[in-house]
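Let me begin by presenting the structure, written as structure tokens, before commenting on it.
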Amino acid sequence: MAAARTGARGRTRRLAPYALVLPGWLWLALFFVAPIASVVSMSLMTGSLGAGYAFTFEVGNYTRAVGMYWEQILRSLVYGGLATVLCIAIGYPVAYWIAFKGGAYKSTYLLLVLLPFFVSFVLRTISWGFLLSDNGIVLGTLKDLGLLPGGFGVLNSATAVVFGLAYNFLPFMVLPIYAVLERMDHRVVEAAYDLYAGRVQAFVRVVLPMSLPGVFAGVIMVFIPTSADYVNATVLGGTGNTMIGKVIQTQYLVNNAYPLAAAITFILMAVLLVGIFSYAKALGTEQVMEVQAG
Amino acid sequence: MTRRLTPAQAALARGLTQPRLSRRGMLGLSGLTAAGLSLSACGVEGQGGESTSAKGFWDGKKSNGRLDFANWPLYMDPGRPELKAFTEETGIKVNYDEAVQDNPSFFGKIQPMLAQAEPIGYDLMVLTNGIELNKLIELNYLAPLDHSKLPNFADHAADIYKKTSYDSGNRYTIPYASGITGIAYNPEYVDREITSIADLWDTAFKDKVGMFADPQELANFGLFYNGVKPADSEESDWIDAADALQEQRDKGLVRRYYSQDYIQPLSNGDVWLSMAWSGDIFQQNAEEGTNLKFVVPEEGATLWSDNMMIPFTAKNPVDALMLMNFFYDPEIAADLTEYINYITPVPEARDLLRSKAEEASGDDKETLERIVDSPLVFPDDDDYAKLHNYVPVTSNNEENFSPLFLAISQS
């Protein structure tokens, strides 16, 4: 009797961690595995809305998707990459300044960074359209002052799209970098100075390496959504600036070409995953873990 | 994602709701093979839209005193006076919902429900002529209209709305409001009169031309440019039209392919001339005091309609049909036009609005007169003569159509 009871308790104890993880697994299965499985199976079907779709293991959807849209896929990655670099260039100094010089007002400054996010993403992007208009507040004034030639324009160009992306996703870069810098032990930097490192050297050899996990997290949080974004390209872009997100949206909702749309979706996902993994590999996985732990 | 069952399920459901032959129901139940399914699908398509099926649909259906109506934003006075008048006259309560933002996504939302033969939550909906409407008709998702219950339509609708290429004889749809897709230009920047579609190809307007992103709208203008009527066009014409549009793009003429937000750029000079919808230009000029010009180009332009229709799974189809008829009462049509500023399918509305303008004073009088006199709201016969129907795109030829034009607007 006694032995049986301890056995049961032992089993419970052994199974408890798994039971605790169960909701997480269910969540993953429901909202990650199931949709992906459905996308993959859809991408291998043939048919039309009228006749219905059948699973025929149609790999042709993938070759068609790549053949028709390689340019938009590549363009999306380039725009996403440029926006990410821009976000680092703008976001790192901001995070650095808030973390080290923000003093008592750190949370106020962070709030200011986040403040624009209280307005809808789409509305903010459309407002940029007004601001960047050929004869709008900014360009119109500069043109009136004779600082810009009359024919100059920014709206409906790749520049407008990349800047729109960088603007919209900047806080996703600032916050993780800030989180890492804020936790950094400042005595390490002082030690560098004690060892005769100049300001530049202390930054390059001490602060920067220690803050890389934050940059890594920021890059992932900015690059993935910007590459897949379609709002900015639609609102701020012009002829020849279409990004792959818009193509997917059109194929799903306008053309009802579900298999082709699913194939493009999966290709984009695969490209991003491969990119992220090779990036993680290059930087060293322990840094990824560090960010996750922090 | 097993959409393969779709037509069979629809067929099965129709077999059950309409006590007709049991053969289709049998097939749907027993023949769960591909062959059985496609057979049953054919069976449905072959029979859809016959006058007998209209009778079959309406047999035994009664008014339930209520209905749900899905319409586009800004398509009725926010006070809904027309619906109040309807409720007063008939006792039928209308739940009005501005649920339709654009055709494809509304279609995407209702299609799965219709495929399962489930009600979509609306008894009456408004969609534009085009691919989605063609698919709804083709898939037998719409209730065939009983024209004996639509006397106002027979008496008051202009002839052009009874002979459309997408639903000739109005078997499933009647227009709610219509408009013209033409060219609008901003005379502040364009210093000559724009009269033709060829102006959109003029290199004097480099980087200042706006075109529409919608494949059908874009195709129509490419076809007109080549001198082809969209409704009569064939596949080879589409390829030629796409070539012409590609050339326009390659010359750097097109600033952007717009989905719908072209009015602002046109008003502040980001684009100087653009494809445009008549009602938009009228409203912009009336409300913002702009002086945009709208032209029905000499090569031709398209007349489109936002059409009322009843999904075949509607719970209150009789009430919906009564409201459709009510909107064709000239008084009601005039009221609607006063707010919407698009073209009404009821020409008599013009005289009613004119006499109303004569009685009114001040701002009201001015507004009414502007509507009555506007060729954008009441096109004259010369304009009507230049208006054409769309390319009849169905799911059979869509694959040869849309990609041609998407490749231009989306690359």
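How things are named: the first chain in the structure tokens is A, the next is B, and so on; residues count from 1 in each chain; ligands count from 1 in the order shown.
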Practice problem: Apply DSSP to the backbone of this structure and, from region 201-368 of chain B, keep only the residues in strand (DSSP E); write these as a VMD selection string. | Solution: chain B and resid 209 to 212 254 to 258 273 to 277 293 to 295 301 to 309
Mind dumping the selected residues with N, CA and C atoms as a PDB file, in the first residue's frame?
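Below is the file that was written, again-v3.pdb:
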```
ATOM      1  N   VAL B 209       0.867  61.014 -63.602  1.00  0.00           N
ATOM      2  CA  VAL B 209      -0.375  60.342 -63.981  1.00  0.00           C
ATOM      3  C   VAL B 209      -0.739  59.321 -62.909  1.00  0.00           C
ATOM      4  N   GLY B 210      -1.997  59.306 -62.504  1.00  0.00           N
ATOM      5  CA  GLY B 210      -2.478  58.286 -61.583  1.00  0.00           C
ATOM      6  C   GLY B 210      -3.339  57.277 -62.333  1.00  0.00           C
ATOM      7  N   MET B 211      -3.079  55.995 -62.120  1.00  0.00           N
ATOM      8  CA  MET B 211      -3.918  54.962 -62.728  1.00  0.00           C
ATOM      9  C   MET B 211      -4.514  54.133 -61.593  1.00  0.00           C
ATOM     10  N   PHE B 212      -5.524  53.309 -61.901  1.00  0.00           N
ATOM     11  CA  PHE B 212      -6.127  52.479 -60.864  1.00  0.00           C
ATOM     12  C   PHE B 212      -5.422  51.129 -60.792  1.00  0.00           C
ATOM     13  N   VAL B 254       3.519  56.947 -64.931  1.00  0.00           N
ATOM     14  CA  VAL B 254       2.610  56.646 -63.825  1.00  0.00           C
ATOM     15  C   VAL B 254       3.287  56.889 -62.486  1.00  0.00           C
ATOM     16  N   ARG B 255       2.683  57.757 -61.688  1.00  0.00           N
ATOM     17  CA  ARG B 255       3.212  58.015 -60.353  1.00  0.00           C
ATOM     18  C   ARG B 255       2.874  56.856 -59.429  1.00  0.00           C
ATOM     19  N   ARG B 256       1.632  56.429 -59.510  1.00  0.00           N
ATOM     20  CA  ARG B 256       1.214  55.351 -58.635  1.00  0.00           C
ATOM     21  C   ARG B 256      -0.057  54.704 -59.175  1.00  0.00           C
ATOM     22  N   TYR B 257      -0.228  53.415 -58.865  1.00  0.00           N
ATOM     23  CA  TYR B 257      -1.475  52.714 -59.180  1.00  0.00           C
ATOM     24  C   TYR B 257      -2.331  52.726 -57.915  1.00  0.00           C
ATOM     25  N   TYR B 258      -3.400  53.521 -57.930  1.00  0.00           N
ATOM     26  CA  TYR B 258      -4.178  53.760 -56.721  1.00  0.00           C
ATOM     27  C   TYR B 258      -5.279  52.729 -56.533  1.00  0.00           C
ATOM     28  N   LEU B 273      -3.205  64.356 -63.337  1.00  0.00           N
ATOM     29  CA  LEU B 273      -4.414  63.782 -63.922  1.00  0.00           C
ATOM     30  C   LEU B 273      -4.443  62.308 -63.579  1.00  0.00           C
ATOM     31  N   SER B 274      -5.658  61.781 -63.426  1.00  0.00           N
ATOM     32  CA  SER B 274      -5.762  60.429 -62.908  1.00  0.00           C
ATOM     33  C   SER B 274      -7.070  59.790 -63.355  1.00  0.00           C
ATOM     34  N   MET B 275      -7.064  58.472 -63.420  1.00  0.00           N
ATOM     35  CA  MET B 275      -8.330  57.776 -63.531  1.00  0.00           C
ATOM     36  C   MET B 275      -9.131  58.140 -62.287  1.00  0.00           C
ATOM     37  N   ALA B 276     -10.443  58.281 -62.421  1.00  0.00           N
ATOM     38  CA  ALA B 276     -11.213  58.767 -61.277  1.00  0.00           C
ATOM     39  C   ALA B 276     -12.658  58.317 -61.368  1.00  0.00           C
ATOM     40  N   TRP B 277     -13.323  58.337 -60.215  1.00  0.00           N
ATOM     41  CA  TRP B 277     -14.752  58.031 -60.165  1.00  0.00           C
ATOM     42  C   TRP B 277     -15.548  59.326 -60.081  1.00  0.00           C
ATOM     43  N   LYS B 293     -11.514  68.824 -62.587  1.00  0.00           N
ATOM     44  CA  LYS B 293     -12.370  68.598 -63.756  1.00  0.00           C
ATOM     45  C   LYS B 293     -12.508  67.094 -63.978  1.00  0.00           C
ATOM     46  N   PHE B 294     -13.716  66.686 -64.338  1.00  0.00           N
ATOM     47  CA  PHE B 294     -13.941  65.271 -64.657  1.00  0.00           C
ATOM     48  C   PHE B 294     -14.353  65.162 -66.120  1.00  0.00           C
ATOM     49  N   VAL B 295     -13.731  64.224 -66.820  1.00  0.00           N
ATOM     50  CA  VAL B 295     -13.993  64.077 -68.244  1.00  0.00           C
ATOM     51  C   VAL B 295     -14.421  62.654 -68.571  1.00  0.00           C
ATOM     52  N   ALA B 301     -15.648  55.469 -71.707  1.00  0.00           N
ATOM     53  CA  ALA B 301     -15.387  55.281 -70.281  1.00  0.00           C
ATOM     54  C   ALA B 301     -16.337  54.192 -69.811  1.00  0.00           C
ATOM     55  N   THR B 302     -16.185  53.771 -68.564  1.00  0.00           N
ATOM     56  CA  THR B 302     -17.052  52.695 -68.100  1.00  0.00           C
ATOM     57  C   THR B 302     -18.110  53.212 -67.145  1.00  0.00           C
ATOM     58  N   LEU B 303     -19.272  52.605 -67.234  1.00  0.00           N
ATOM     59  CA  LEU B 303     -20.343  52.835 -66.274  1.00  0.00           C
ATOM     60  C   LEU B 303     -20.367  51.622 -65.366  1.00  0.00           C
ATOM     61  N   TRP B 304     -20.191  51.853 -64.077  1.00  0.00           N
ATOM     62  CA  TRP B 304     -20.262  50.724 -63.136  1.00  0.00           C
ATOM     63  C   TRP B 304     -21.440  50.917 -62.214  1.00  0.00           C
ATOM     64  N   SER B 305     -21.865  49.846 -61.616  1.00  0.00           N
ATOM     65  CA  SER B 305     -22.976  49.937 -60.678  1.00  0.00           C
ATOM     66  C   SER B 305     -22.663  49.176 -59.407  1.00  0.00           C
ATOM     67  N   ASP B 306     -23.062  49.756 -58.291  1.00  0.00           N
ATOM     68  CA  ASP B 306     -23.087  49.010 -57.039  1.00  0.00           C
ATOM     69  C   ASP B 306     -24.484  48.421 -56.957  1.00  0.00           C
ATOM     70  N   ASN B 307     -24.539  47.100 -56.928  1.00  0.00           N
ATOM     71  CA  ASN B 307     -25.820  46.421 -57.104  1.00  0.00           C
ATOM     72  C   ASN B 307     -26.340  45.796 -55.826  1.00  0.00           C
ATOM     73  N   MET B 308     -27.661  45.837 -55.671  1.00  0.00           N
ATOM     74  CA  MET B 308     -28.297  45.160 -54.545  1.00  0.00           C
ATOM     75  C   MET B 308     -28.567  43.717 -54.937  1.00  0.00           C
ATOM     76  N   MET B 309     -28.321  42.810 -53.991  1.00  0.00           N
ATOM     77  CA  MET B 309     -28.586  41.398 -54.268  1.00  0.00           C
ATOM     78  C   MET B 309     -28.871  40.670 -52.963  1.00  0.00           C
TER      79      MET B 309
END
```
Exercise. Pick out each residue of region 167-380 of chain B that DSSP on the backbone tags as helix (DSSP H, G or I); I need them as a PyMOL selection string.
Key: chain B and resi 197-201+203-205+215-225+230-232+235-250+263-268+278-288+317-327+330-340+349-359+362-373
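Nearest residue to chain B, choosing from A:Arg124, A:Lys246, A:Lys281, A:Arg11 and counting only C-alpha atoms: A:Lys246.
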Show which residues sit within 10 Å of His147 (chain B), as an mmCIF file with C-alpha atoms, in the first residue's frame. Count only C-alpha atoms, and ignore same-chain residues fewer than 5 positions away.
```
data_model
loop_
_atom_site.group_PDB
_atom_site.id
_atom_site.type_symbol
_atom_site.label_atom_id
_atom_site.label_comp_id
_atom_site.auth_asym_id
_atom_site.auth_seq_id
_atom_site.Cartn_x
_atom_site.Cartn_y
_atom_site.Cartn_z
ATOM 1 C CA ALA B 54 -36.906 31.884 -59.158
ATOM 2 C CA ASN B 152 -40.970 50.097 -59.171
ATOM 3 C CA PHE B 153 -37.863 48.802 -60.903
ATOM 4 C CA ALA B 154 -39.825 47.931 -64.041
ATOM 5 C CA ASN B 170 -31.440 41.640 -63.866
ATOM 6 C CA ARG B 171 -31.884 38.050 -62.872
ATOM 7 C CA TYR B 172 -30.003 38.499 -59.580
ATOM 8 C CA LEU B 321 -36.917 42.273 -51.967
ATOM 9 C CA ASN B 325 -38.409 47.788 -54.666
#
```
Per residue of chain B within 9 Å of chain A, record the nearest atom pair and its distance in Å to one decimal, counting only C-alpha atoms, with rows in chain order and ascending residue number, as a Markdown table.
```
| residue | atom | partner | partner_atom | distance |
| --- | --- | --- | --- | --- |
| B:Met1 | CA | A:Ser38 | CA | 7.0 |
| B:Thr2 | CA | A:Tyr53 | CA | 7.0 |
| B:Arg3 | CA | A:Gly52 | CA | 5.1 |
| B:Arg4 | CA | A:Gly52 | CA | 4.1 |
| B:Leu5 | CA | A:Gly52 | CA | 6.8 |
| B:Thr6 | CA | A:Gly52 | CA | 6.2 |
| B:Pro7 | CA | A:Ala51 | CA | 7.2 |
| B:Ser38 | CA | A:Ala51 | CA | 7.4 |
| B:Ala41 | CA | A:Ala51 | CA | 7.8 |
| B:Asn103 | CA | A:Val254 | CA | 8.3 |
| B:Pro104 | CA | A:Val254 | CA | 5.0 |
| B:Ser105 | CA | A:Leu253 | CA | 5.6 |
| B:Phe106 | CA | A:Leu253 | CA | 8.9 |
| B:Phe107 | CA | A:Leu253 | CA | 8.1 |
| B:Gly108 | CA | A:Leu253 | CA | 6.1 |
| B:Ile131 | CA | A:Asn255 | CA | 8.8 |
| B:Glu132 | CA | A:Val254 | CA | 8.5 |
| B:Lys135 | CA | A:Gly50 | CA | 7.5 |
| B:Glu138 | CA | A:Gly50 | CA | 7.8 |
| B:Leu139 | CA | A:Gly50 | CA | 6.3 |
| B:Asp214 | CA | A:Val254 | CA | 9.0 |
| B:Arg249 | CA | A:Thr239 | CA | 7.8 |
| B:Gly252 | CA | A:Thr239 | CA | 8.6 |
| B:Val254 | CA | A:Thr239 | CA | 6.6 |
| B:Arg255 | CA | A:Gly238 | CA | 5.8 |
| B:Arg256 | CA | A:Gly238 | CA | 4.4 |
| B:Tyr257 | CA | A:Thr239 | CA | 6.7 |
| B:Tyr258 | CA | A:Thr234 | CA | 8.6 |
| B:Ser259 | CA | A:Thr234 | CA | 8.9 |
| B:Asp261 | CA | A:Val235 | CA | 8.8 |
| B:Gln264 | CA | A:Phe130 | CA | 8.5 |
| B:Pro265 | CA | A:Ser133 | CA | 7.6 |
| B:Asn268 | CA | A:Asn135 | CA | 6.6 |
| B:Gly269 | CA | A:Asn135 | CA | 6.8 |
| B:Asp270 | CA | A:Asp134 | CA | 5.5 |
| B:Ser395 | CA | A:Gly50 | CA | 6.8 |
| B:Asn396 | CA | A:Gly50 | CA | 8.8 |
| B:Glu398 | CA | A:Asn255 | CA | 8.2 |
| B:Glu399 | CA | A:Asn255 | CA | 8.7 |
| B:Ser402 | CA | A:Asn255 | CA | 7.5 |
| B:Pro403 | CA | A:Asn255 | CA | 8.8 |
| B:Leu406 | CA | A:Thr250 | CA | 8.9 |
| B:Ala407 | CA | A:Met68 | CA | 8.5 |
| B:Ile408 | CA | A:Thr239 | CA | 8.8 |
| B:Ser409 | CA | A:Thr239 | CA | 7.1 |
| B:Gln410 | CA | A:Thr242 | CA | 5.5 |
| B:Ser411 | CA | A:Gly240 | CA | 5.1 |
```
Could you dump the residues just selected with N, CA and C atoms as a short mmCIF file (atom, residue, chain, number, x, y, z; two decimals), in the first residue's frame?
```
data_model
loop_
_atom_site.label_atom_id
_atom_site.label_comp_id
_atom_site.auth_asym_id
_atom_site.auth_seq_id
_atom_site.Cartn_x
_atom_site.Cartn_y
_atom_site.Cartn_z
N MET B 1 -9.58 23.57 -44.80
CA MET B 1 -9.23 24.02 -46.15
C MET B 1 -9.70 23.04 -47.22
N THR B 2 -10.66 22.21 -46.88
CA THR B 2 -11.11 21.25 -47.89
C THR B 2 -12.22 21.88 -48.71
N ARG B 3 -11.82 22.82 -49.54
CA ARG B 3 -12.83 23.53 -50.32
C ARG B 3 -13.37 22.67 -51.45
N ARG B 4 -12.80 21.46 -51.60
CA ARG B 4 -13.28 20.62 -52.66
C ARG B 4 -14.73 20.24 -52.47
N LEU B 5 -15.17 20.20 -51.25
CA LEU B 5 -16.55 19.82 -50.97
C LEU B 5 -17.53 20.92 -51.32
N THR B 6 -17.00 22.09 -51.50
CA THR B 6 -17.84 23.27 -51.60
C THR B 6 -19.08 23.17 -52.48
N PRO B 7 -18.92 22.92 -53.76
CA PRO B 7 -20.11 22.95 -54.62
C PRO B 7 -21.12 21.88 -54.23
N SER B 38 -17.88 16.57 -58.96
CA SER B 38 -17.90 17.49 -60.10
C SER B 38 -19.21 17.35 -60.86
N ALA B 41 -21.74 19.31 -59.07
CA ALA B 41 -21.50 20.73 -59.28
C ALA B 41 -22.06 21.18 -60.62
N ASN B 103 -14.91 45.08 -52.55
CA ASN B 103 -15.53 43.85 -53.04
C ASN B 103 -14.77 42.58 -52.68
N PRO B 104 -13.43 42.54 -52.97
CA PRO B 104 -12.73 41.28 -52.74
C PRO B 104 -12.78 40.82 -51.28
N SER B 105 -12.56 41.72 -50.32
CA SER B 105 -12.50 41.22 -48.96
C SER B 105 -13.90 40.88 -48.44
N PHE B 106 -14.92 41.59 -48.90
CA PHE B 106 -16.27 41.19 -48.49
C PHE B 106 -16.61 39.83 -49.09
N PHE B 107 -16.21 39.64 -50.34
CA PHE B 107 -16.43 38.33 -50.97
C PHE B 107 -15.69 37.25 -50.20
N GLY B 108 -14.43 37.55 -49.86
CA GLY B 108 -13.63 36.58 -49.11
C GLY B 108 -14.28 36.22 -47.78
N ILE B 131 -15.48 40.91 -60.99
CA ILE B 131 -15.14 39.50 -60.84
C ILE B 131 -15.91 38.85 -59.69
N GLU B 132 -15.99 39.54 -58.55
CA GLU B 132 -16.63 38.92 -57.39
C GLU B 132 -18.11 38.67 -57.66
N LYS B 135 -18.57 35.81 -59.92
CA LYS B 135 -18.38 34.53 -59.23
C LYS B 135 -19.60 34.17 -58.41
N GLU B 138 -22.08 32.89 -60.81
CA GLU B 138 -21.63 31.63 -61.36
C GLU B 138 -21.76 30.48 -60.36
N LEU B 139 -21.48 30.77 -59.09
CA LEU B 139 -21.51 29.72 -58.07
C LEU B 139 -22.92 29.53 -57.52
N ASP B 214 -6.83 48.35 -59.60
CA ASP B 214 -7.76 47.26 -59.85
C ASP B 214 -7.57 46.72 -61.27
N ARG B 249 3.82 52.68 -68.38
CA ARG B 249 4.59 52.55 -67.15
C ARG B 249 6.08 52.73 -67.41
N GLY B 252 7.70 56.00 -67.59
CA GLY B 252 7.78 56.76 -66.35
C GLY B 252 6.62 57.73 -66.15
N VAL B 254 3.52 56.95 -64.93
CA VAL B 254 2.61 56.65 -63.82
C VAL B 254 3.29 56.89 -62.49
N ARG B 255 2.68 57.76 -61.69
CA ARG B 255 3.21 58.01 -60.35
C ARG B 255 2.87 56.86 -59.43
N ARG B 256 1.63 56.43 -59.51
CA ARG B 256 1.21 55.35 -58.64
C ARG B 256 -0.06 54.70 -59.17
N TYR B 257 -0.23 53.41 -58.87
CA TYR B 257 -1.47 52.71 -59.18
C TYR B 257 -2.33 52.73 -57.92
N TYR B 258 -3.40 53.52 -57.93
CA TYR B 258 -4.18 53.76 -56.72
C TYR B 258 -5.28 52.73 -56.53
N SER B 259 -5.51 52.35 -55.26
CA SER B 259 -6.67 51.51 -54.96
C SER B 259 -7.90 52.40 -54.85
N ASP B 261 -7.34 55.92 -52.97
CA ASP B 261 -6.99 57.16 -52.29
C ASP B 261 -6.30 58.16 -53.23
N GLN B 264 -6.82 62.94 -52.74
CA GLN B 264 -5.94 63.86 -52.05
C GLN B 264 -4.73 64.22 -52.92
N PRO B 265 -3.99 63.20 -53.43
CA PRO B 265 -2.84 63.52 -54.31
C PRO B 265 -3.24 64.37 -55.51
N ASN B 268 -3.74 67.99 -54.18
CA ASN B 268 -2.57 68.79 -53.84
C ASN B 268 -1.42 68.67 -54.84
N GLY B 269 -1.69 68.08 -56.00
CA GLY B 269 -0.73 68.20 -57.09
C GLY B 269 0.34 67.12 -57.16
N ASP B 270 0.23 66.05 -56.33
CA ASP B 270 1.18 64.96 -56.47
C ASP B 270 0.96 64.24 -57.80
N SER B 395 -14.62 33.03 -63.48
CA SER B 395 -13.53 32.20 -62.95
C SER B 395 -12.90 31.37 -64.07
N ASN B 396 -13.59 31.24 -65.21
CA ASN B 396 -13.01 30.47 -66.32
C ASN B 396 -11.86 31.19 -67.00
N GLU B 398 -10.42 34.15 -65.71
CA GLU B 398 -9.72 35.06 -64.82
C GLU B 398 -8.22 34.85 -64.85
N GLU B 399 -7.81 33.58 -64.93
CA GLU B 399 -6.39 33.27 -64.91
C GLU B 399 -5.65 33.88 -66.09
N SER B 402 -6.47 38.60 -65.01
CA SER B 402 -5.92 39.37 -63.89
C SER B 402 -4.39 39.42 -63.84
N PRO B 403 -3.70 38.29 -64.00
CA PRO B 403 -2.23 38.34 -63.88
C PRO B 403 -1.59 39.32 -64.86
N LEU B 406 -2.15 42.72 -63.12
CA LEU B 406 -1.48 42.80 -61.82
C LEU B 406 0.02 42.93 -62.02
N ALA B 407 0.53 42.29 -63.09
CA ALA B 407 1.97 42.36 -63.36
C ALA B 407 2.39 43.80 -63.62
N ILE B 408 1.44 44.62 -64.07
CA ILE B 408 1.78 46.02 -64.33
C ILE B 408 1.65 46.86 -63.06
N SER B 409 0.56 46.67 -62.33
CA SER B 409 0.34 47.53 -61.16
C SER B 409 1.14 47.08 -59.95
N GLN B 410 1.59 45.83 -59.96
CA GLN B 410 2.23 45.31 -58.74
C GLN B 410 3.68 44.90 -58.91
N SER B 411 4.40 45.49 -59.86
CA SER B 411 5.79 45.05 -59.95
C SER B 411 6.72 46.20 -59.62
#
```
Quiz prompt | Point-to-point distance in Å for CA of Tyr161 (chain B) and CA of Ser63 (chain B) | solution =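 Going from CA of Ser63 (chain B) over to CA of Tyr161 (chain B), I get 27.1 Å.
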Quiz item: In Å to one decimal, how far is CA of Ile267 (chain A) from CA of Met45 (chain A)?
Solution: 15.4 Å
Exercise. Provide the CA of Pro311 (chain B) to CA of Leu142 (chain B) distance in Å, to one decimal place.
Key: 4.5 Å
Practice problem: Could you give me, as a ChimeraX atom specification, the residues within 12 Å of Ala202 (chain A), counting only C-alpha atoms and dropping anything in the same chain fewer than 2 positions from it? | Solution: /A:186-200,204-210
Self-check item: Residues near Pro379 (chain B), cut-off 12 Å, only C-alpha atoms, skip fewer than 3 positions along chain, as a ChimeraX atom specification
Solution: /B:178-180,278-279,294-296,303,342-345,347,350,371-376,382-387
Exercise. Could you give me, as a ChimeraX atom specification, the residues within 10 Å of Val94 (chain A), counting only C-alpha atoms and dropping anything in the same chain fewer than 2 positions from it?
Key: /A:88-92,96-99,102,109-110,113,171,173-175,177-178
Practice problem: Would you kindly return, as a PyMOL selection string, each protein, DNA or RNA residue with an atom no farther than 10 Å from any atom of Val346 (chain B), considering only C-alpha atoms and excluding same-chain residues fewer than 3 positions away? | Solution: chain B and resi 152-153+155-159+161+175-177+327-334+337+343+349-350+378
Quiz prompt | Pick from B:Glu118, B:Asp146, B:Asp191, B:Glu98 nearest to Lys61 (chain B), counting only C-alpha atoms | solution = B:Asp146
Go through region 148-223 of chain A and flag each residue having an atom no more than 10 Å from region 76-79 of chain A; for those, report the closest pair of atoms plus their distance in Å to one decimal, using only C-alpha atoms, ordered by chain and rising number, as CSV.
```
residue,atom,partner,partner_atom,distance
A:Ala158,CA,A:Tyr79,CA,8.0
A:Thr159,CA,A:Tyr79,CA,9.2
A:Val161,CA,A:Tyr79,CA,7.8
A:Val162,CA,A:Tyr79,CA,5.8
A:Phe163,CA,A:Tyr79,CA,9.4
A:Leu165,CA,A:Tyr79,CA,8.2
A:Ala166,CA,A:Tyr79,CA,9.6
A:Phe223,CA,A:Leu77,CA,8.2
```
Self-check item: Pick from B:Gly182, B:Ile137, B:Ser148, B:Ala314, whichever lies nearest to Ala117 (chain B) using only C-alpha atoms
Solution: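 Smallest separation from Ala117 (chain B) among the options: B:Ala314.
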